[in-house]
Each structure stands twice: as C-alpha cells, then as structure tokens.
Amino acid sequence: MKRKREEDSEDDSTDTESDTFSGDELSKSDGNEISQMIQQLPKSIPRGKALDFLHSIATSKDILYWNLHGEMTYHQRRIPVTSMEELIEYALLPYNLDVRTPRGLKTFTDGLSELDIDKKLVRNKRLLADLIARQPGEEDTDDSETESQTSDESHQDDDEETEEKKEEEEREEEEREEEEKEAESSDEQESSESDDGDQRECHVCESNHFHEISVVQCPRCLWREGYYCRQNQHVECDVCAHVFPVNVKTTKTKFCRCRDCDAVHELSLKFNKLKLIDGEHESKED
C-alpha cells in the first residue's frame, strides 16, 4: 500500500516537471528570438532598455512581432518589405533628421499604441509624440494643459490686438471730431468769405462768378493736389487714398477761375484778395 502511494506521487511529480518544461521551452524560444534581435541592434542602444522593449512586445506577439525573416507582423499578418530591426532601432535611438524613416512606421506605431508600451523606453521624440497623440492618458492631460496655456497666450494676443484696434479707432474718431470742428470753423470762415466773395471782381471782365480751385495737402502722406471743390467737401488723396475734408487746415493755396472769361486769379488766404496770374488776359487797371 505504501509502495503504491509512492508510485502515484512519482507520477504526479513527473507530470508537473513535464508541464514546467513545456513552459520553459516556450519562454526559451522567445528568449532566443529576443537575444538574436538584441545582437543585431547597434551597440549604442542600451541593452537594458532594448530587453525591456522587446519583452513588452513579446508579451503580445499576436499584436506586434516579427517572423523568421525579420519582417514585422501586425495581428499575425506579415507586413512585406519591412525590417523589425530598423523599426526597433528607430524607436530606441534619438530622433535624427538624417536617418531615413523606416518602412511600415505607421503600422509599427499603431502596434506600440495597442500594446501600451512604456513610453520611457522610446527615445525617439517624434515617435513618442505620435504615441502620445494616439493614446489618451496622463500625457494627454499634460498636452491639454499645454494647449490651454497656448490658447491663453493666443487669447492674450487677441486681446492685445483688440485693444490696439480700439485705440486706433479712438484716434481716428478724435481726428474726425477735430476735422468736424475745423469744418464748422471753416464754415463760418466760408460764410464770411462768401460775403466778401460777392465783392470779388475779375480783374479782366469785372465778373464776380468764379470756379474755385483748392490746392490741398494730404494730412497722411503730405501730397499736394488741386481740386475743383468747395470748402468742407471731402476728397480722396491720389497717392495714399486717404479721404479728408478741404478746409482751412488742409488748404495751402486757392485759385479762382472766372466763369465768364476764364481768367485765373490767385486768392490770398491771408488778405482774401485776388491777383491775376493768367498772362493772356490784361487787367482792367492796365
């Protein structure tokens, strides 16, 4: 009876050993594949990070792994013309603009995202940014904070631009008010000049009917141009397209052309007197 119990215990131990051996055999197979991949990677890659990276991939071989030819497999589907060695090297080395992007990087990034790979193992900042963008988590919280800060800064810039626009509008409004005040004063002056204008006479035909030509200066670009217009009429500068009123401030010289004989006179703005400047006509005084 005792001997039979010992035989049964020996059988149980044998079964246990066989089960353990099969598990070790599987891990040993993965270890061989991982060690072979490690040997193919450049020595500049830290071996500890490389092992952790490859072990993370090996835990979910159905999602992302490689075949006997070193090609990447994604969900047990071979991705042709790819090199898992190049992809792993791209992930574990710092980003270099001169290094060619390996084929299949998008699929590789999708696989790492599904594996939820430890991002501390990824040294390539560009790949790391893609992983963070694809996976919501703590990193997204940091990104949202960064985005909120960026949006706050943009709002501040918009507020500053709005304030500048308001200030500019206020300045323009003040300029309009000044122009209106000047226009009112020029209206009074115009009325007084019109009274005197009835007394103006052409030096040739003694008519008191004139066309007025005002030589005005643009307050923005200082360009001078002559216009057939009356006081307080708005004109547009031919150079900068600024619109401004013809008033005492902007008028620099004024000419009067007789409507009857076309004789041209210069009007003295100070003394409000006419002076004949057309050489083809002779003054009545002559």
# chains A, B, ... in the order shown; residues from 1 in each chain; ligands from 1
>>> residues_around(residues="Tyr95 in chain A", least_positions_apart="6", cutoff="10 Å", atoms="only C-alpha atoms", output="ChimeraX atom specification")
/A:123-128
>>> residues_around(residues="range 232-247 of chain A", least_positions_apart="2", cutoff="7 Å", atoms="only C-alpha atoms", output="PyMOL selection string")
chain A and resi 183+186+216+218+221+229-230+249-251
>>> residues_around(residues="range 107-109 of chain A", least_positions_apart="3", cutoff="9 Å", atoms="only C-alpha atoms", output="PyMOL selection string")
chain A and resi 64+72+74+79+84+87+104+112-114+127+130-131
>>> write_last_selection(atoms="all heavy atoms", output="CSV table (one decimal), in the first residue's frame")
chain,number,residue,atom,x,y,z
A,64,LEU,N,1.9,42.6,-32.2
A,64,LEU,CA,3.1,43.1,-32.9
A,64,LEU,C,4.3,42.2,-32.6
A,64,LEU,O,4.6,41.9,-31.5
A,64,LEU,CB,3.4,44.5,-32.4
A,64,LEU,CG,4.5,45.2,-33.1
A,64,LEU,CD1,4.1,45.5,-34.6
A,64,LEU,CD2,4.9,46.6,-32.4
A,72,MET,N,8.1,42.6,-40.0
A,72,MET,CA,7.2,42.9,-39.0
A,72,MET,C,5.9,42.1,-39.2
A,72,MET,O,5.4,42.0,-40.4
A,72,MET,CB,6.9,44.4,-38.9
A,72,MET,CG,5.8,44.8,-38.0
A,72,MET,SD,5.6,46.6,-37.9
A,72,MET,CE,5.3,47.0,-39.6
A,74,TYR,N,1.8,42.2,-37.9
A,74,TYR,CA,0.8,43.0,-37.2
A,74,TYR,C,-0.5,42.2,-37.2
A,74,TYR,O,-1.0,42.0,-38.2
A,74,TYR,CB,0.7,44.4,-37.8
A,74,TYR,CG,-0.3,45.3,-37.2
A,74,TYR,CD1,-0.1,45.7,-35.9
A,74,TYR,CD2,-1.4,45.7,-37.9
A,74,TYR,CE1,-1.0,46.6,-35.3
A,74,TYR,CE2,-2.4,46.5,-37.3
A,74,TYR,CZ,-2.1,47.0,-36.0
A,74,TYR,OH,-3.0,47.8,-35.4
A,79,ILE,N,3.8,42.0,-42.7
A,79,ILE,CA,3.9,43.3,-43.4
A,79,ILE,C,5.1,43.2,-44.3
A,79,ILE,O,6.3,43.3,-43.8
A,79,ILE,CB,4.0,44.5,-42.4
A,79,ILE,CG1,2.9,44.4,-41.4
A,79,ILE,CG2,4.0,45.8,-43.2
A,79,ILE,CD1,1.5,44.5,-41.9
A,84,MET,N,11.9,44.7,-38.9
A,84,MET,CA,11.7,44.9,-37.5
A,84,MET,C,12.9,45.5,-36.8
A,84,MET,O,12.8,46.3,-35.9
A,84,MET,CB,11.2,43.7,-36.8
A,84,MET,CG,10.5,43.9,-35.5
A,84,MET,SD,9.0,44.8,-35.6
A,84,MET,CE,8.3,44.7,-34.0
A,87,LEU,N,12.9,49.2,-37.4
A,87,LEU,CA,11.9,49.9,-36.7
A,87,LEU,C,12.2,50.0,-35.2
A,87,LEU,O,12.0,51.0,-34.6
A,87,LEU,CB,10.6,49.1,-36.8
A,87,LEU,CG,10.0,49.2,-38.3
A,87,LEU,CD1,8.9,48.1,-38.4
A,87,LEU,CD2,9.4,50.6,-38.5
A,104,GLY,N,6.9,51.0,-43.0
A,104,GLY,CA,6.0,50.4,-42.0
A,104,GLY,C,5.9,51.1,-40.7
A,104,GLY,O,5.4,50.5,-39.7
A,112,LEU,N,2.5,49.6,-31.3
A,112,LEU,CA,3.0,50.0,-30.0
A,112,LEU,C,1.9,50.7,-29.1
A,112,LEU,O,1.9,50.6,-27.9
A,112,LEU,CB,4.2,51.0,-30.2
A,112,LEU,CG,5.5,50.4,-30.8
A,112,LEU,CD1,6.5,51.5,-30.9
A,112,LEU,CD2,6.0,49.3,-29.9
A,113,SER,N,1.1,51.5,-29.8
A,113,SER,CA,0.0,52.1,-29.2
A,113,SER,C,-1.0,51.1,-28.6
A,113,SER,O,-1.5,51.3,-27.4
A,113,SER,CB,-0.8,53.0,-30.1
A,113,SER,OG,-1.9,53.7,-29.5
A,114,GLU,N,-1.3,50.0,-29.3
A,114,GLU,CA,-2.2,49.0,-28.8
A,114,GLU,C,-1.5,48.2,-27.6
A,114,GLU,O,-2.2,47.8,-26.7
A,114,GLU,CB,-2.5,48.0,-29.9
A,114,GLU,CG,-3.4,48.6,-31.0
A,114,GLU,CD,-3.7,47.6,-32.1
A,114,GLU,OE1,-3.9,46.4,-31.7
A,114,GLU,OE2,-3.9,48.0,-33.2
A,127,LEU,N,8.6,59.8,-32.6
A,127,LEU,CA,7.7,58.6,-32.4
A,127,LEU,C,6.9,58.7,-31.1
A,127,LEU,O,5.8,58.3,-31.0
A,127,LEU,CB,8.6,57.3,-32.4
A,127,LEU,CG,7.8,56.0,-32.2
A,127,LEU,CD1,6.7,55.8,-33.2
A,127,LEU,CD2,8.8,54.9,-32.1
A,130,ASP,N,4.0,60.9,-31.5
A,130,ASP,CA,2.9,60.2,-32.2
A,130,ASP,C,2.2,59.2,-31.3
A,130,ASP,O,0.9,59.1,-31.3
A,130,ASP,CB,3.5,59.4,-33.4
A,130,ASP,CG,3.9,60.3,-34.5
A,130,ASP,OD1,3.5,61.5,-34.6
A,130,ASP,OD2,4.7,59.8,-35.4
A,131,LEU,N,2.9,58.5,-30.4
A,131,LEU,CA,2.3,57.6,-29.5
A,131,LEU,C,1.4,58.4,-28.5
A,131,LEU,O,0.3,58.0,-28.1
A,131,LEU,CB,3.3,56.9,-28.7
A,131,LEU,CG,4.1,55.8,-29.5
A,131,LEU,CD1,5.2,55.2,-28.7
A,131,LEU,CD2,3.1,54.7,-29.9
>>> atom_distance(atom1="CA of Glu167 in chain A", atom2="CA of Val248 in chain A")
27.1 Å
>>> atom_distance(atom1="CA of Gln36 in chain A", atom2="CA of His75 in chain A")
21.9 Å
>>> closest_residue(among="A:Asp52, A:Asp116, A:Glu89, A:Glu175", to="Ile132 in chain A", atoms="only C-alpha atoms")
A:Asp116
>>> residues_around(residues="range 203-215 of chain A", least_positions_apart="6", cutoff="9 Å", atoms="only C-alpha atoms", output="mmCIF file with N, CA and C atoms, in the first residue's frame")
data_model
loop_
_atom_site.group_PDB
_atom_site.id
_atom_site.type_symbol
_atom_site.label_atom_id
_atom_site.label_comp_id
_atom_site.auth_asym_id
_atom_site.auth_seq_id
_atom_site.Cartn_x
_atom_site.Cartn_y
_atom_site.Cartn_z
ATOM 1 N N GLY A 197 -16.840 137.299 -51.073
ATOM 2 C CA GLY A 197 -16.736 136.812 -52.435
ATOM 3 C C GLY A 197 -17.683 137.543 -53.365
ATOM 4 N N ARG A 224 0.390 117.056 -52.296
ATOM 5 C CA ARG A 224 -0.439 118.206 -52.638
ATOM 6 C C ARG A 224 -1.072 118.010 -54.006
ATOM 7 N N GLU A 225 -2.342 118.367 -54.095
ATOM 8 C CA GLU A 225 -3.082 118.195 -55.331
ATOM 9 C C GLU A 225 -4.182 119.254 -55.393
ATOM 10 N N GLY A 226 -4.520 119.682 -56.614
ATOM 11 C CA GLY A 226 -5.563 120.686 -56.791
ATOM 12 C C GLY A 226 -6.897 120.050 -57.125
ATOM 13 N N TYR A 227 -7.986 120.601 -56.551
ATOM 14 C CA TYR A 227 -9.325 120.067 -56.766
ATOM 15 C C TYR A 227 -10.302 121.214 -57.016
ATOM 16 N N TYR A 228 -11.218 121.014 -57.949
ATOM 17 C CA TYR A 228 -12.349 121.914 -58.113
ATOM 18 C C TYR A 228 -13.385 121.523 -57.064
ATOM 19 N N CYS A 229 -13.430 122.221 -55.986
ATOM 20 C CA CYS A 229 -14.340 121.852 -54.909
ATOM 21 C C CYS A 229 -14.584 123.052 -54.011
ATOM 22 N N ARG A 230 -15.580 122.882 -53.151
ATOM 23 C CA ARG A 230 -15.901 123.912 -52.172
ATOM 24 C C ARG A 230 -15.356 123.506 -50.805
ATOM 25 N N GLN A 231 -15.435 124.409 -49.873
ATOM 26 C CA GLN A 231 -14.968 124.139 -48.525
ATOM 27 C C GLN A 231 -15.775 123.007 -47.891
ATOM 28 N N VAL A 246 -11.677 119.318 -47.307
ATOM 29 C CA VAL A 246 -10.999 120.534 -47.767
ATOM 30 C C VAL A 246 -11.409 121.648 -46.815
ATOM 31 N N THR A 250 -6.204 122.072 -44.325
ATOM 32 C CA THR A 250 -5.622 121.311 -45.430
ATOM 33 C C THR A 250 -5.367 122.152 -46.675
ATOM 34 N N THR A 251 -6.043 123.287 -46.796
ATOM 35 C CA THR A 251 -5.871 124.134 -47.984
ATOM 36 C C THR A 251 -4.594 124.957 -47.869
ATOM 37 N N LYS A 252 -3.725 124.835 -48.856
ATOM 38 C CA LYS A 252 -2.454 125.567 -48.857
ATOM 39 C C LYS A 252 -2.482 126.740 -49.832
ATOM 40 N N THR A 253 -3.173 126.596 -50.937
ATOM 41 C CA THR A 253 -3.288 127.666 -51.937
ATOM 42 C C THR A 253 -4.658 127.542 -52.588
ATOM 43 N N LYS A 254 -5.197 128.675 -53.044
ATOM 44 C CA LYS A 254 -6.500 128.652 -53.703
ATOM 45 C C LYS A 254 -6.450 129.564 -54.925
ATOM 46 N N PHE A 255 -7.068 129.047 -56.006
ATOM 47 C CA PHE A 255 -7.154 129.813 -57.250
ATOM 48 C C PHE A 255 -8.614 129.980 -57.623
ATOM 49 N N CYS A 256 -8.918 131.048 -58.324
ATOM 50 C CA CYS A 256 -10.271 131.320 -58.792
ATOM 51 C C CYS A 256 -10.240 131.544 -60.301
ATOM 52 N N ARG A 257 -11.037 130.772 -61.021
ATOM 53 C CA ARG A 257 -11.133 130.913 -62.474
ATOM 54 C C ARG A 257 -12.476 131.580 -62.800
ATOM 55 N N CYS A 258 -12.391 132.657 -63.523
ATOM 56 C CA CYS A 258 -13.597 133.398 -63.876
ATOM 57 C C CYS A 258 -14.474 132.552 -64.795
ATOM 58 N N ARG A 259 -15.762 132.485 -64.474
ATOM 59 C CA ARG A 259 -16.674 131.688 -65.280
ATOM 60 C C ARG A 259 -16.999 132.347 -66.621
ATOM 61 N N ASP A 260 -16.802 133.661 -66.702
ATOM 62 C CA ASP A 260 -17.171 134.388 -67.919
ATOM 63 C C ASP A 260 -16.017 134.472 -68.912
ATOM 64 N N CYS A 261 -14.807 134.775 -68.409
ATOM 65 C CA CYS A 261 -13.685 134.968 -69.337
ATOM 66 C C CYS A 261 -12.541 133.983 -69.121
ATOM 67 N N ASP A 262 -12.694 133.071 -68.180
ATOM 68 C CA ASP A 262 -11.681 132.048 -67.873
ATOM 69 C C ASP A 262 -10.363 132.617 -67.356
ATOM 70 N N ALA A 263 -10.363 133.821 -66.912
ATOM 71 C CA ALA A 263 -9.150 134.392 -66.323
ATOM 72 C C ALA A 263 -8.882 133.740 -64.971
ATOM 73 N N HIS A 265 -7.085 133.657 -61.275
ATOM 74 C CA HIS A 265 -6.572 134.524 -60.223
ATOM 75 C C HIS A 265 -6.103 133.679 -59.051
ATOM 76 N N LEU A 274 -7.775 138.902 -54.695
ATOM 77 C CA LEU A 274 -7.445 138.213 -55.932
ATOM 78 C C LEU A 274 -6.267 138.867 -56.627
ATOM 79 N N LYS A 275 -5.443 138.027 -57.245
ATOM 80 C CA LYS A 275 -4.318 138.521 -58.024
ATOM 81 C C LYS A 275 -4.313 137.765 -59.349
ATOM 82 N N LEU A 276 -4.374 138.522 -60.449
ATOM 83 C CA LEU A 276 -4.429 137.918 -61.767
ATOM 84 C C LEU A 276 -3.091 137.243 -62.086
ATOM 85 N N HIS A 281 -4.609 137.408 -70.360
ATOM 86 C CA HIS A 281 -5.580 138.450 -70.112
ATOM 87 C C HIS A 281 -4.890 139.651 -69.495
ATOM 88 N N GLU A 282 -5.417 140.784 -69.761
ATOM 89 C CA GLU A 282 -4.861 142.013 -69.202
ATOM 90 C C GLU A 282 -5.792 142.554 -68.159
ATOM 91 N N SER A 283 -5.231 143.059 -67.116
ATOM 92 C CA SER A 283 -6.028 143.616 -66.043
ATOM 93 C C SER A 283 -6.705 144.888 -66.506
ATOM 94 N N LYS A 284 -7.887 145.158 -65.917
ATOM 95 C CA LYS A 284 -8.605 146.382 -66.261
ATOM 96 C C LYS A 284 -7.830 147.606 -65.833
ATOM 97 N N GLU A 285 -6.941 147.389 -64.816
ATOM 98 C CA GLU A 285 -6.157 148.528 -64.348
ATOM 99 C C GLU A 285 -5.153 148.927 -65.411
#
>>> closest_residue(among="A:Lys166, A:Lys61, A:Arg103, A:Arg220", to="Val81 in chain A", atoms="only C-alpha atoms")
A:Arg103
>>> atom_distance(atom1="CA of Lys49 in chain A", atom2="CA of Glu86 in chain A")
15.9 Å
